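Chemist: Just so it is clear, I am handing over work.cif, which has mmCIF, C-alpha atoms and all ligand atoms.
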data_coords
loop_
_atom_site.label_atom_id
_atom_site.label_comp_id
_atom_site.auth_asym_id
_atom_site.auth_seq_id
_atom_site.Cartn_x
_atom_site.Cartn_y
_atom_site.Cartn_z
CA MET A 181 196.67 -29.61 63.48
CA ASN A 182 197.56 -26.09 64.51
CA ILE A 183 201.05 -25.70 65.93
CA LEU A 184 202.29 -22.49 67.53
CA VAL A 185 206.07 -21.99 67.23
CA LEU A 186 207.56 -19.47 69.66
CA HIS A 187 211.09 -18.09 69.47
CA GLY A 188 212.26 -16.21 72.54
CA PRO A 189 214.57 -13.24 73.09
CA ASN A 190 217.57 -12.52 70.87
CA LEU A 191 216.85 -15.39 68.50
CA HIS A 192 216.19 -12.80 65.77
CA LEU A 193 220.00 -12.30 65.85
CA LEU A 194 220.77 -15.90 64.92
CA GLY A 195 223.43 -16.39 62.30
CA ARG A 196 225.09 -13.05 63.06
CA ARG A 197 226.83 -13.73 66.39
CA GLN A 198 228.23 -16.81 68.17
CA PRO A 199 227.83 -19.21 65.20
CA GLU A 200 230.08 -21.68 67.06
CA ILE A 201 227.29 -22.08 69.64
CA TYR A 202 224.09 -21.41 67.73
CA GLY A 203 225.02 -22.25 64.12
CA VAL A 204 225.11 -20.17 60.96
CA GLN A 205 221.45 -20.34 60.09
CA THR A 206 219.29 -17.26 60.58
CA LEU A 207 215.86 -17.37 62.17
CA GLN A 208 214.39 -16.88 58.69
CA ASP A 209 216.31 -19.96 57.52
CA ILE A 210 214.91 -22.00 60.41
CA ASN A 211 211.36 -20.80 59.76
CA LYS A 212 211.74 -21.68 56.07
CA ILE A 213 212.96 -25.19 56.92
CA LEU A 214 209.94 -25.66 59.20
CA ASP A 215 207.55 -24.46 56.48
CA GLN A 216 209.19 -26.81 53.97
CA PHE A 217 208.85 -29.72 56.36
CA VAL A 218 205.16 -28.95 56.81
CA ALA A 219 204.63 -28.65 53.04
CA ALA A 220 206.11 -32.14 52.61
CA SER A 221 204.11 -33.65 55.48
CA PRO A 222 201.13 -35.89 54.68
CA HIS A 223 199.41 -34.42 57.75
CA ASP A 224 197.27 -31.31 57.73
CA VAL A 225 199.62 -29.05 59.68
CA VAL A 226 199.30 -25.28 60.08
CA LEU A 227 202.20 -23.40 61.69
CA LYS A 228 202.04 -19.98 63.28
CA ILE A 229 205.51 -18.67 64.05
CA VAL A 230 206.20 -15.77 66.45
CA GLN A 231 209.46 -14.30 67.79
CA SER A 232 209.45 -11.94 70.75
CA ASN A 233 212.06 -10.34 72.97
CA HIS A 234 209.50 -9.62 75.70
CA GLU A 235 208.35 -12.00 78.42
CA GLY A 236 204.89 -10.42 78.77
CA GLU A 237 204.34 -10.57 75.03
CA ILE A 238 205.23 -14.27 74.96
CA VAL A 239 202.75 -14.86 77.80
CA SER A 240 200.07 -12.93 75.85
CA VAL A 241 200.74 -14.77 72.58
CA ILE A 242 200.39 -18.11 74.39
CA GLY A 243 197.10 -17.00 75.99
CA ASP A 244 195.78 -15.56 72.72
CA HIS A 245 196.17 -18.99 71.07
CA ILE A 246 194.43 -20.97 73.79
CA ASP A 247 191.55 -21.89 71.42
CA TRP A 248 193.73 -22.22 68.34
CA ALA A 249 196.85 -24.18 69.24
CA ASP A 250 196.80 -27.98 69.33
CA GLY A 251 200.46 -27.96 70.33
CA ILE A 252 203.24 -25.50 71.12
CA LEU A 253 206.93 -25.61 70.17
CA ILE A 254 208.95 -23.11 72.16
CA ASN A 255 212.55 -22.04 72.38
CA PRO A 256 212.19 -19.76 75.41
CA ALA A 257 215.87 -18.74 75.05
CA ALA A 258 217.09 -16.98 78.23
CA TYR A 259 213.57 -17.08 79.71
CA THR A 260 214.04 -20.84 79.96
CA HIS A 261 216.08 -20.20 83.08
CA THR A 262 214.02 -17.42 84.64
CA SER A 263 210.36 -17.39 83.67
CA ILE A 264 207.66 -18.82 85.89
CA ALA A 265 205.19 -16.60 83.96
CA ILE A 266 205.88 -18.43 80.67
CA ARG A 267 205.73 -21.79 82.44
CA ASP A 268 202.33 -20.90 83.94
CA ALA A 269 201.01 -19.65 80.59
CA LEU A 270 202.06 -22.89 78.89
CA SER A 271 200.48 -25.10 81.53
CA THR A 272 197.25 -23.05 81.38
CA VAL A 273 196.77 -23.74 77.67
CA GLY A 274 196.77 -27.47 78.37
CA VAL A 275 198.13 -28.67 75.02
CA PRO A 276 201.39 -30.58 74.45
CA VAL A 277 204.47 -28.39 74.66
CA ILE A 278 207.93 -29.25 73.36
CA GLU A 279 210.90 -27.20 74.60
CA ILE A 280 213.61 -26.58 72.03
CA HIS A 281 217.23 -25.47 72.32
CA LEU A 282 219.78 -25.01 69.59
CA SER A 283 222.62 -25.71 72.01
CA ASN A 284 223.02 -28.45 74.60
CA ILE A 285 222.25 -26.37 77.69
CA TYR A 286 223.72 -29.08 79.97
CA ALA A 287 227.13 -28.75 78.32
CA ARG A 288 227.21 -25.01 79.02
CA GLU A 289 227.30 -22.73 82.08
CA GLU A 290 225.69 -24.04 85.27
CA PHE A 291 222.96 -21.35 85.22
CA ARG A 292 221.65 -22.82 81.96
CA HIS A 293 221.20 -26.29 83.47
CA HIS A 294 217.88 -25.43 85.11
CA SER A 295 214.75 -24.94 83.01
CA TYR A 296 211.46 -23.63 84.39
CA ILE A 297 209.80 -24.88 81.21
CA SER A 298 210.82 -28.56 81.12
CA GLY A 299 208.44 -29.49 83.93
CA VAL A 300 205.41 -28.54 81.82
CA ALA A 301 206.78 -29.91 78.53
CA GLU A 302 206.13 -33.30 76.95
CA GLY A 303 209.79 -33.36 76.04
CA VAL A 304 212.90 -31.33 75.37
CA VAL A 305 215.05 -31.31 72.22
CA GLY A 306 218.41 -29.56 72.33
CA GLY A 307 221.93 -29.58 71.05
CA PHE A 308 221.28 -30.13 67.36
CA GLY A 309 221.24 -26.54 66.10
CA ALA A 310 218.44 -25.78 63.64
CA TYR A 311 217.76 -29.52 63.40
CA SER A 312 216.42 -29.40 67.00
CA TYR A 313 213.39 -27.58 65.57
CA ILE A 314 212.74 -30.24 62.93
CA LEU A 315 213.06 -33.02 65.50
CA ALA A 316 210.63 -31.20 67.77
CA LEU A 317 208.14 -30.63 64.94
CA GLN A 318 208.37 -34.30 63.99
CA ALA A 319 207.74 -35.27 67.62
CA MET A 320 204.75 -32.92 67.87
CA ILE A 321 203.20 -34.35 64.68
CA HIS A 322 203.82 -37.82 66.13
CA ILE A 323 202.02 -36.83 69.36
CA LEU A 324 199.07 -35.08 67.66
CA GLY A 325 198.79 -37.20 64.52
CA PRO A 326 196.65 -40.09 65.74
CA THR A 327 194.01 -37.85 67.40
CA MET A 328 193.85 -35.30 64.60
CA ASP A 329 193.74 -37.83 61.76
CA ASP A 330 190.59 -39.32 63.30
CA ASN A 331 188.73 -36.01 62.76
O1 LIG B 401 220.36 -23.04 72.89
C1 LIG B 401 219.34 -22.37 72.85
O2 LIG B 401 218.52 -22.44 71.95
C2 LIG B 401 219.09 -21.32 73.95
O3 LIG B 401 217.71 -21.31 74.22
C3 LIG B 401 219.53 -19.99 73.36
C4 LIG B 401 219.46 -18.85 74.37
C5 LIG B 401 220.16 -19.21 75.67
O4 LIG B 401 219.95 -18.17 76.61
C6 LIG B 401 219.65 -20.52 76.24
O5 LIG B 401 220.39 -20.81 77.40
C7 LIG B 401 219.83 -21.64 75.24
C8 LIG B 401 220.11 -17.60 73.80
C9 LIG B 401 219.52 -17.11 72.52
C10 LIG B 401 220.35 -15.96 72.04
O6 LIG B 401 220.56 -16.12 70.68
C11 LIG B 401 221.59 -15.45 70.11
C12 LIG B 401 221.64 -15.48 68.74
C13 LIG B 401 222.65 -14.85 68.10
C14 LIG B 401 223.62 -14.18 68.79
C15 LIG B 401 223.59 -14.16 70.16
C16 LIG B 401 222.55 -14.80 70.82
#
Take the structure from the file and write it as structure tokens.

Modeler:
Amino acid sequence: MNILVLHGPNLHLLGRRQPEIYGVQTLQDINKILDQFVAASPHDVVLKIVQSNHEGEIVSVIGDHIDWADGILINPAAYTHTSIAIRDALSTVGVPVIEIHLSNIYAREEFRHHSYISGVAEGVVGGFGAYSYILALQAMIHILGPTMDDN
């Protein structure tokens, strides 16, 4: 199963600022944990991980993987609250999407309480720091596993 992992704007700065909100792990640490989880998985999982600070680039990356991705994990970061373009791109691909947040967006400022992405996602995982990513990956393997293992 091919899983596209997308990290949105400013997440390349993780671990350097606001550790009280986003944790001390860097994006490289999170990517390494995901790769280690995949290596230990009995399923045939391939991850492609992309970080971008640009909305249009995220839209393009999603579209470019339309024939490759069986599922998409995305932390849209600030675009969560603004981007109809990313929402449309995700719904066009037509594969399961899981929205990820490091922080609990509902325990923060009001403007973070609305997500344009949740309505096209299978589910949302947030509030667990880097562990949100592992939970989301586990959920995606759970969703895709039965269909893929039949192949
Ligand atoms: O909690 C999350 O994962 C967020 O998606 C993170 C976004 C924020 O806009 C969302 O509301 C919730 C912000 C990502 C910025 O990451 C930083 C990393 C290090 C230092 C400063 C920001």

Chemist: May I have the residues within 7 Å of range 283-287 of chain A as a PDB file with C-alpha atoms, in the coordinates of the input, using all atoms listed in the file and disregarding those fewer than 6 positions away in the same chain?

Modeler:
ATOM      1  CA  ILE A 201     227.290 -22.080  69.640  1.00  0.00           C
ATOM      2  CA  TYR A 202     224.090 -21.410  67.730  1.00  0.00           C
ATOM      3  CA  HIS A 293     221.200 -26.290  83.470  1.00  0.00           C
ATOM      4  CA  GLY A 306     218.410 -29.560  72.330  1.00  0.00           C
ATOM      5  CA  GLY A 307     221.930 -29.580  71.050  1.00  0.00           C
ATOM      6  CA  PHE A 308     221.280 -30.130  67.360  1.00  0.00           C
ATOM      7  CA  GLY A 309     221.240 -26.540  66.100  1.00  0.00           C
TER       8      GLY A 309
END

Chemist: Would you mind telling me which residue in A:His223, A:Arg197, A:His294, A:His187 lies nearest to Ile210 in chain A when using all atoms listed in the file?

Modeler: A:His187

Chemist: One decimal, Å: what's the distance from CA of Ser240 in chain A over to CA of Leu324 in chain A, could you say?

Modeler: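 Answer for the CA of Ser240 in chain A to CA of Leu324 in chain A separation: 23.6 Å.
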
Chemist: Please provide as number ranges by chain all residues within 9 Å of Glu302 in chain A, with the sequence filter that same-chain residues fewer than 2 positions apart are discarded (counting only C-alpha atoms).

Modeler: A: 276-279, 298-300, 304

Chemist: Neighbouring residues of ligand LIG 401 (chain B) are defined here as those with any atom at most 8 Å from a ligand atom, counting only C-alpha atoms and all ligand atoms; list them as number ranges by chain.

Modeler: A: 188-199, 201-202, 255-261, 280-285, 292, 306-307, 309

Chemist: Which value, in Å to one decimal, gives the distance between CA of Leu207 in chain A and CA of Val230 in chain A?

Modeler: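 One can read the CA of Leu207 in chain A to CA of Val230 in chain A distance as 10.7 Å.
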
Chemist: Figure out the distance between CA of Tyr296 in chain A and CA of Thr262 in chain A, please, to one decimal in Å.

Modeler: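 These atoms are spaced 6.7 Å apart.
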
Chemist: Between A:Ile264, A:Ala316, A:Ala219, A:Val273, which one has atoms that come closest to Trp248 in chain A, using all atoms listed in the file?

Modeler: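 Under the stated criterion, the closest residue is A:Val273.
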
Chemist: Return the single residue from A:Asn182, A:Ser263, A:Gln205, A:Asn211 that is closest to His234 in chain A, with distances computed using only C-alpha atoms.

Modeler: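 Using only C-alpha atoms, His234 in chain A sits closest to A:Ser263.
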
Chemist: Pick out the closest residue to Tyr311 in chain A from this set: A:Asp209, A:Glu290, A:Asp224, A:Asp250. Count only C-alpha atoms.

Modeler: A:Asp209

Chemist: Just the residues within 12 Å of Gln216 in chain A, please, counting all atoms listed in the file, with nothing from its chain fewer than 6 positions along; format it as a list in words.

Modeler: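 The neighbour list is Asp209, Ile210, Val225, Val226, Leu227, Ile314 and Leu317 of chain A.
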
Chemist: Between A:Val204, A:Ile246, A:Val275, A:Ile229, which residue has the minimum interatomic distance to Ile323 in chain A, considering all atoms listed in the file?

Modeler: A:Val275
